[in-house]
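Q: Just dropping this structure here.
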Amino acid sequence: MKKALIICAAGMSSSLMAKKATEHFTNKNKAISVDAVSATEGSNMIKNSDFSLFLISPQTMMMLDKFKKLGDEIGKPVVSIPFQAYIPTPSGIEQLAKLIEENIQ
């Protein structure tokens, strides 16, 4: 199973998005799970976890360069989530899922 991690300011909204994205993939019979952590845990998770993809929430965009540099060091993608893919509606989840599928290794 491939795993993606959303890095968010506090981890609250991203937990909801992660849950809905994982449900979306389960319903489509795709072996992808999504989890979420706060930005304070982001660096450690990028360096020391088995996630295949790291997603930066819109509210933590100012940390994107820092997280991208860490991702480059370990050879894993770090991508930003556009606002329209960070809404817990069916169309928002579809866009988030598409972003994940296009970038996950």
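Following the order of the structure tokens, chains are lettered A, B, ..., residues in each are numbered from 1, and ligands are numbered from 1.
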Output as a list of chain:residue names all residues of chain A that backbone DSSP marks as strand (DSSP E).
A: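 After running DSSP on the backbone, chain A has strand (DSSP E) at A:Lys2, A:Lys3, A:Ala4, A:Leu5, A:Ile6, A:Ile7, A:Cys8, A:Ile32, A:Ser33, A:Val34, A:Asp35, A:Ala36, A:Val37, A:Ser38, A:Leu53, A:Phe54, A:Leu55, A:Ile56, A:Val78, A:Val79, A:Ser80.
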Q: Can I get the selection written as a PDB file, in the first residue's frame, with N, CA, C and O atoms?
A:
```pdb
ATOM      1  N   LYS A   2       0.510   2.201  -0.836  1.00  0.00           N
ATOM      2  CA  LYS A   2       1.217   3.477  -0.877  1.00  0.00           C
ATOM      3  C   LYS A   2       0.592   4.402   0.152  1.00  0.00           C
ATOM      4  O   LYS A   2      -0.605   4.326   0.428  1.00  0.00           O
ATOM      5  N   LYS A   3       1.442   5.282   0.715  1.00  0.00           N
ATOM      6  CA  LYS A   3       0.973   6.164   1.771  1.00  0.00           C
ATOM      7  C   LYS A   3       1.354   7.608   1.472  1.00  0.00           C
ATOM      8  O   LYS A   3       2.501   7.880   1.099  1.00  0.00           O
ATOM      9  N   ALA A   4       0.383   8.500   1.661  1.00  0.00           N
ATOM     10  CA  ALA A   4       0.617   9.931   1.510  1.00  0.00           C
ATOM     11  C   ALA A   4       0.361  10.608   2.846  1.00  0.00           C
ATOM     12  O   ALA A   4      -0.471  10.150   3.633  1.00  0.00           O
ATOM     13  N   LEU A   5       1.077  11.713   3.092  1.00  0.00           N
ATOM     14  CA  LEU A   5       0.936  12.434   4.346  1.00  0.00           C
ATOM     15  C   LEU A   5       0.671  13.905   4.066  1.00  0.00           C
ATOM     16  O   LEU A   5       1.416  14.540   3.321  1.00  0.00           O
ATOM     17  N   ILE A   6      -0.405  14.425   4.656  1.00  0.00           N
ATOM     18  CA  ILE A   6      -0.705  15.848   4.572  1.00  0.00           C
ATOM     19  C   ILE A   6      -0.060  16.535   5.772  1.00  0.00           C
ATOM     20  O   ILE A   6      -0.256  16.113   6.917  1.00  0.00           O
ATOM     21  N   ILE A   7       0.697  17.584   5.498  1.00  0.00           N
ATOM     22  CA  ILE A   7       1.295  18.392   6.558  1.00  0.00           C
ATOM     23  C   ILE A   7       0.513  19.699   6.615  1.00  0.00           C
ATOM     24  O   ILE A   7       0.414  20.417   5.631  1.00  0.00           O
ATOM     25  N   CYS A   8      -0.033  19.981   7.799  1.00  0.00           N
ATOM     26  CA  CYS A   8      -0.959  21.101   7.970  1.00  0.00           C
ATOM     27  C   CYS A   8      -0.534  21.938   9.179  1.00  0.00           C
ATOM     28  O   CYS A   8       0.268  21.492   9.988  1.00  0.00           O
ATOM     29  N   ILE A  32      -4.120   3.069  -1.549  1.00  0.00           N
ATOM     30  CA  ILE A  32      -3.470   4.310  -1.126  1.00  0.00           C
ATOM     31  C   ILE A  32      -4.156   4.762   0.156  1.00  0.00           C
ATOM     32  O   ILE A  32      -5.376   4.829   0.225  1.00  0.00           O
ATOM     33  N   SER A  33      -3.361   5.065   1.173  1.00  0.00           N
ATOM     34  CA  SER A  33      -3.912   5.634   2.396  1.00  0.00           C
ATOM     35  C   SER A  33      -3.311   7.021   2.604  1.00  0.00           C
ATOM     36  O   SER A  33      -2.202   7.304   2.144  1.00  0.00           O
ATOM     37  N   VAL A  34      -4.055   7.850   3.292  1.00  0.00           N
ATOM     38  CA  VAL A  34      -3.628   9.228   3.540  1.00  0.00           C
ATOM     39  C   VAL A  34      -3.730   9.500   5.023  1.00  0.00           C
ATOM     40  O   VAL A  34      -4.711   9.116   5.672  1.00  0.00           O
ATOM     41  N   ASP A  35      -2.720  10.144   5.570  1.00  0.00           N
ATOM     42  CA  ASP A  35      -2.698  10.509   6.982  1.00  0.00           C
ATOM     43  C   ASP A  35      -2.351  11.987   7.078  1.00  0.00           C
ATOM     44  O   ASP A  35      -2.068  12.624   6.065  1.00  0.00           O
ATOM     45  N   ALA A  36      -2.335  12.526   8.289  1.00  0.00           N
ATOM     46  CA  ALA A  36      -2.056  13.943   8.476  1.00  0.00           C
ATOM     47  C   ALA A  36      -1.295  14.182   9.770  1.00  0.00           C
ATOM     48  O   ALA A  36      -1.480  13.464  10.758  1.00  0.00           O
ATOM     49  N   VAL A  37      -0.434  15.209   9.739  1.00  0.00           N
ATOM     50  CA  VAL A  37       0.287  15.653  10.934  1.00  0.00           C
ATOM     51  C   VAL A  37       0.367  17.175  10.913  1.00  0.00           C
ATOM     52  O   VAL A  37       0.158  17.805   9.882  1.00  0.00           O
ATOM     53  N   SER A  38       0.732  17.726  12.047  1.00  0.00           N
ATOM     54  CA  SER A  38       0.918  19.171  12.129  1.00  0.00           C
ATOM     55  C   SER A  38       2.282  19.545  11.545  1.00  0.00           C
ATOM     56  O   SER A  38       3.185  18.710  11.429  1.00  0.00           O
ATOM     57  N   LEU A  53       4.654  10.116  -0.360  1.00  0.00           N
ATOM     58  CA  LEU A  53       4.334  11.456  -0.845  1.00  0.00           C
ATOM     59  C   LEU A  53       3.972  12.339   0.335  1.00  0.00           C
ATOM     60  O   LEU A  53       3.281  11.898   1.251  1.00  0.00           O
ATOM     61  N   PHE A  54       4.442  13.581   0.278  1.00  0.00           N
ATOM     62  CA  PHE A  54       4.130  14.563   1.311  1.00  0.00           C
ATOM     63  C   PHE A  54       3.394  15.725   0.657  1.00  0.00           C
ATOM     64  O   PHE A  54       3.847  16.262  -0.350  1.00  0.00           O
ATOM     65  N   LEU A  55       2.257  16.080   1.241  1.00  0.00           N
ATOM     66  CA  LEU A  55       1.387  17.131   0.705  1.00  0.00           C
ATOM     67  C   LEU A  55       1.348  18.297   1.691  1.00  0.00           C
ATOM     68  O   LEU A  55       1.089  18.088   2.880  1.00  0.00           O
ATOM     69  N   ILE A  56       1.585  19.489   1.188  1.00  0.00           N
ATOM     70  CA  ILE A  56       1.605  20.667   2.041  1.00  0.00           C
ATOM     71  C   ILE A  56       0.280  21.408   1.898  1.00  0.00           C
ATOM     72  O   ILE A  56      -0.097  21.808   0.794  1.00  0.00           O
ATOM     73  N   VAL A  78       7.400  16.275  -2.550  1.00  0.00           N
ATOM     74  CA  VAL A  78       6.678  17.162  -1.644  1.00  0.00           C
ATOM     75  C   VAL A  78       5.935  18.147  -2.545  1.00  0.00           C
ATOM     76  O   VAL A  78       6.571  18.861  -3.316  1.00  0.00           O
ATOM     77  N   VAL A  79       4.609  18.149  -2.477  1.00  0.00           N
ATOM     78  CA  VAL A  79       3.816  19.015  -3.358  1.00  0.00           C
ATOM     79  C   VAL A  79       2.813  19.824  -2.541  1.00  0.00           C
ATOM     80  O   VAL A  79       2.386  19.404  -1.467  1.00  0.00           O
ATOM     81  N   SER A  80       2.463  20.968  -3.080  1.00  0.00           N
ATOM     82  CA  SER A  80       1.477  21.816  -2.413  1.00  0.00           C
ATOM     83  C   SER A  80       0.069  21.421  -2.860  1.00  0.00           C
ATOM     84  O   SER A  80      -0.139  20.993  -3.991  1.00  0.00           O
TER      85      SER A  80
END
```
Q: Give me the residues within 12 Å of A:Lys98 as a list in words, counting only C-alpha atoms and dropping any in the same chain fewer than 3 places off.
A: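 Listed by chain and then number, they are Ala21, His24, Phe25, Ile32, Ile81, Pro82, Ala85, Ser91, Gly92, Ile93, Glu94, Gln95, Glu101, Glu102, Asn103 and Ile104 of chain A.
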Q: Those same residues, written as an mmCIF file, in the first residue's frame with N, CA and C atoms?
A:
```cif
data_model
loop_
_atom_site.group_PDB
_atom_site.id
_atom_site.type_symbol
_atom_site.label_atom_id
_atom_site.label_comp_id
_atom_site.auth_asym_id
_atom_site.auth_seq_id
_atom_site.Cartn_x
_atom_site.Cartn_y
_atom_site.Cartn_z
ATOM 1 N N ALA A 21 -10.051 11.294 1.870
ATOM 2 C CA ALA A 21 -9.260 10.814 0.729
ATOM 3 C C ALA A 21 -9.032 9.310 0.831
ATOM 4 N N HIS A 24 -12.125 7.613 -0.165
ATOM 5 C CA HIS A 24 -12.262 7.702 -1.621
ATOM 6 C C HIS A 24 -11.456 6.588 -2.293
ATOM 7 N N PHE A 25 -10.193 6.431 -1.885
ATOM 8 C CA PHE A 25 -9.343 5.400 -2.490
ATOM 9 C C PHE A 25 -9.863 3.996 -2.173
ATOM 10 N N ILE A 32 -4.120 3.069 -1.549
ATOM 11 C CA ILE A 32 -3.470 4.310 -1.126
ATOM 12 C C ILE A 32 -4.156 4.762 0.156
ATOM 13 N N ILE A 81 -0.860 21.566 -1.951
ATOM 14 C CA ILE A 81 -2.267 21.290 -2.250
ATOM 15 C C ILE A 81 -2.925 22.617 -2.602
ATOM 16 N N PRO A 82 -3.488 22.744 -3.804
ATOM 17 C CA PRO A 82 -4.202 23.979 -4.130
ATOM 18 C C PRO A 82 -5.477 24.111 -3.289
ATOM 19 N N ALA A 85 -8.498 21.920 -3.922
ATOM 20 C CA ALA A 85 -8.373 20.491 -3.596
ATOM 21 C C ALA A 85 -8.332 20.273 -2.087
ATOM 22 N N SER A 91 -16.144 17.202 -4.879
ATOM 23 C CA SER A 91 -15.232 17.710 -5.922
ATOM 24 C C SER A 91 -13.859 18.027 -5.349
ATOM 25 N N GLY A 92 -13.798 18.528 -4.117
ATOM 26 C CA GLY A 92 -12.506 18.793 -3.483
ATOM 27 C C GLY A 92 -11.726 17.510 -3.250
ATOM 28 N N ILE A 93 -12.410 16.482 -2.777
ATOM 29 C CA ILE A 93 -11.758 15.187 -2.530
ATOM 30 C C ILE A 93 -11.293 14.573 -3.851
ATOM 31 N N GLU A 94 -12.095 14.692 -4.894
ATOM 32 C CA GLU A 94 -11.691 14.196 -6.224
ATOM 33 C C GLU A 94 -10.395 14.875 -6.673
ATOM 34 N N GLN A 95 -10.321 16.180 -6.483
ATOM 35 C CA GLN A 95 -9.124 16.912 -6.899
ATOM 36 C C GLN A 95 -7.918 16.519 -6.052
ATOM 37 N N GLU A 101 -2.632 10.778 -6.791
ATOM 38 C CA GLU A 101 -2.321 9.744 -7.809
ATOM 39 C C GLU A 101 -1.266 10.208 -8.802
ATOM 40 N N GLU A 102 -1.283 11.481 -9.154
ATOM 41 C CA GLU A 102 -0.311 12.002 -10.117
ATOM 42 C C GLU A 102 1.095 12.106 -9.540
ATOM 43 N N ASN A 103 1.218 12.168 -8.215
ATOM 44 C CA ASN A 103 2.530 12.427 -7.608
ATOM 45 C C ASN A 103 3.084 11.302 -6.731
ATOM 46 N N ILE A 104 2.270 10.348 -6.355
ATOM 47 C CA ILE A 104 2.746 9.310 -5.444
ATOM 48 C C ILE A 104 3.671 8.348 -6.181
#
```
Q: Which one of A:Met1, A:Met62, A:Leu70, A:Met12 sits closest to A:Ser43 if you count only C-alpha atoms?
A: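 So, comparing all the options, the nearest one is A:Leu70.
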Q: To one decimal place in Å, what is the distance between atom CA of A:Ser52 and atom CA of A:Lys76?
A: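 Atom CA of A:Lys76 lies at a distance of 6.4 Å from atom CA of A:Ser52.
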Q: I need the residue nearest A:Lys68 from this list: A:Lys47, A:Asn29, A:Ala9, A:Leu99. Use only C-alpha atoms for the distance.
A: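 When distances to A:Lys68 are compared using only C-alpha atoms, the smallest one comes from A:Lys47.
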Q: Counting only C-alpha atoms, figure out which residue out of A:Asp65, A:Pro77, A:Gln105, A:Leu96 gets nearest to A:Lys19.
A: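 Closest residue, counting only C-alpha atoms: A:Leu96.
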Q: Apply DSSP to the backbone of this structure and, from chain A, keep only the residues in helix (DSSP H, G or I); write these as a PyMOL selection string.
A: chain A and resi 12-27+39-48+58-74+83-85+90-103
Q: Keeping only C-alpha atoms, write the selected residues as a tab-separated table (two decimals), in the first residue's frame.
A:
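Result saved to result_4.tsv:
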```
chain	number	residue	atom	x	y	z
A	12	MET	CA	-7.17	19.39	12.34
A	13	SER	CA	-8.57	20.12	8.86
A	14	SER	CA	-5.98	17.86	7.29
A	15	SER	CA	-7.17	14.92	9.42
A	16	LEU	CA	-10.62	15.29	7.90
A	17	MET	CA	-9.19	15.59	4.39
A	18	ALA	CA	-6.95	12.55	4.97
A	19	LYS	CA	-9.90	10.47	6.20
A	20	LYS	CA	-12.08	11.43	3.24
A	21	ALA	CA	-9.26	10.81	0.73
A	22	THR	CA	-8.54	7.37	2.22
A	23	GLU	CA	-12.26	6.53	2.01
A	24	HIS	CA	-12.26	7.70	-1.62
A	25	PHE	CA	-9.34	5.40	-2.49
A	26	THR	CA	-10.90	2.48	-0.60
A	27	ASN	CA	-14.16	2.93	-2.52
A	39	ALA	CA	3.68	21.29	10.61
A	40	THR	CA	5.72	20.95	13.81
A	41	GLU	CA	6.01	17.22	13.07
A	42	GLY	CA	6.51	17.69	9.31
A	43	SER	CA	10.30	17.75	9.12
A	44	ASN	CA	10.70	14.67	11.28
A	45	MET	CA	8.05	12.77	9.33
A	46	ILE	CA	9.70	13.58	6.00
A	47	LYS	CA	13.10	12.45	7.26
A	48	ASN	CA	12.01	9.37	9.22
A	58	PRO	CA	-2.63	25.76	1.83
A	59	GLN	CA	-2.23	27.15	5.36
A	60	THR	CA	1.39	25.94	5.59
A	61	MET	CA	2.46	27.12	2.13
A	62	MET	CA	5.12	29.39	3.68
A	63	MET	CA	6.99	26.22	4.72
A	64	LEU	CA	6.88	24.59	1.27
A	65	ASP	CA	10.50	25.36	0.32
A	66	LYS	CA	11.79	23.95	3.62
A	67	PHE	CA	9.80	20.74	3.22
A	68	LYS	CA	10.67	20.41	-0.49
A	69	LYS	CA	14.37	20.60	0.36
A	70	LEU	CA	13.97	17.76	2.87
A	71	GLY	CA	12.01	15.73	0.33
A	72	ASP	CA	14.72	16.25	-2.27
A	73	GLU	CA	17.33	15.01	0.22
A	74	ILE	CA	15.50	11.67	0.61
A	83	PHE	CA	-7.10	25.59	-2.25
A	84	GLN	CA	-9.71	23.96	-4.52
A	85	ALA	CA	-8.37	20.49	-3.60
A	90	PRO	CA	-16.88	15.48	-3.30
A	91	SER	CA	-15.23	17.71	-5.92
A	92	GLY	CA	-12.51	18.79	-3.48
A	93	ILE	CA	-11.76	15.19	-2.53
A	94	GLU	CA	-11.69	14.20	-6.22
A	95	GLN	CA	-9.12	16.91	-6.90
A	96	LEU	CA	-7.03	15.91	-3.89
A	97	ALA	CA	-7.15	12.25	-4.94
A	98	LYS	CA	-6.07	13.17	-8.47
A	99	LEU	CA	-3.15	15.21	-7.08
A	100	ILE	CA	-2.09	12.26	-4.95
A	101	GLU	CA	-2.32	9.74	-7.81
A	102	GLU	CA	-0.31	12.00	-10.12
A	103	ASN	CA	2.53	12.43	-7.61
```
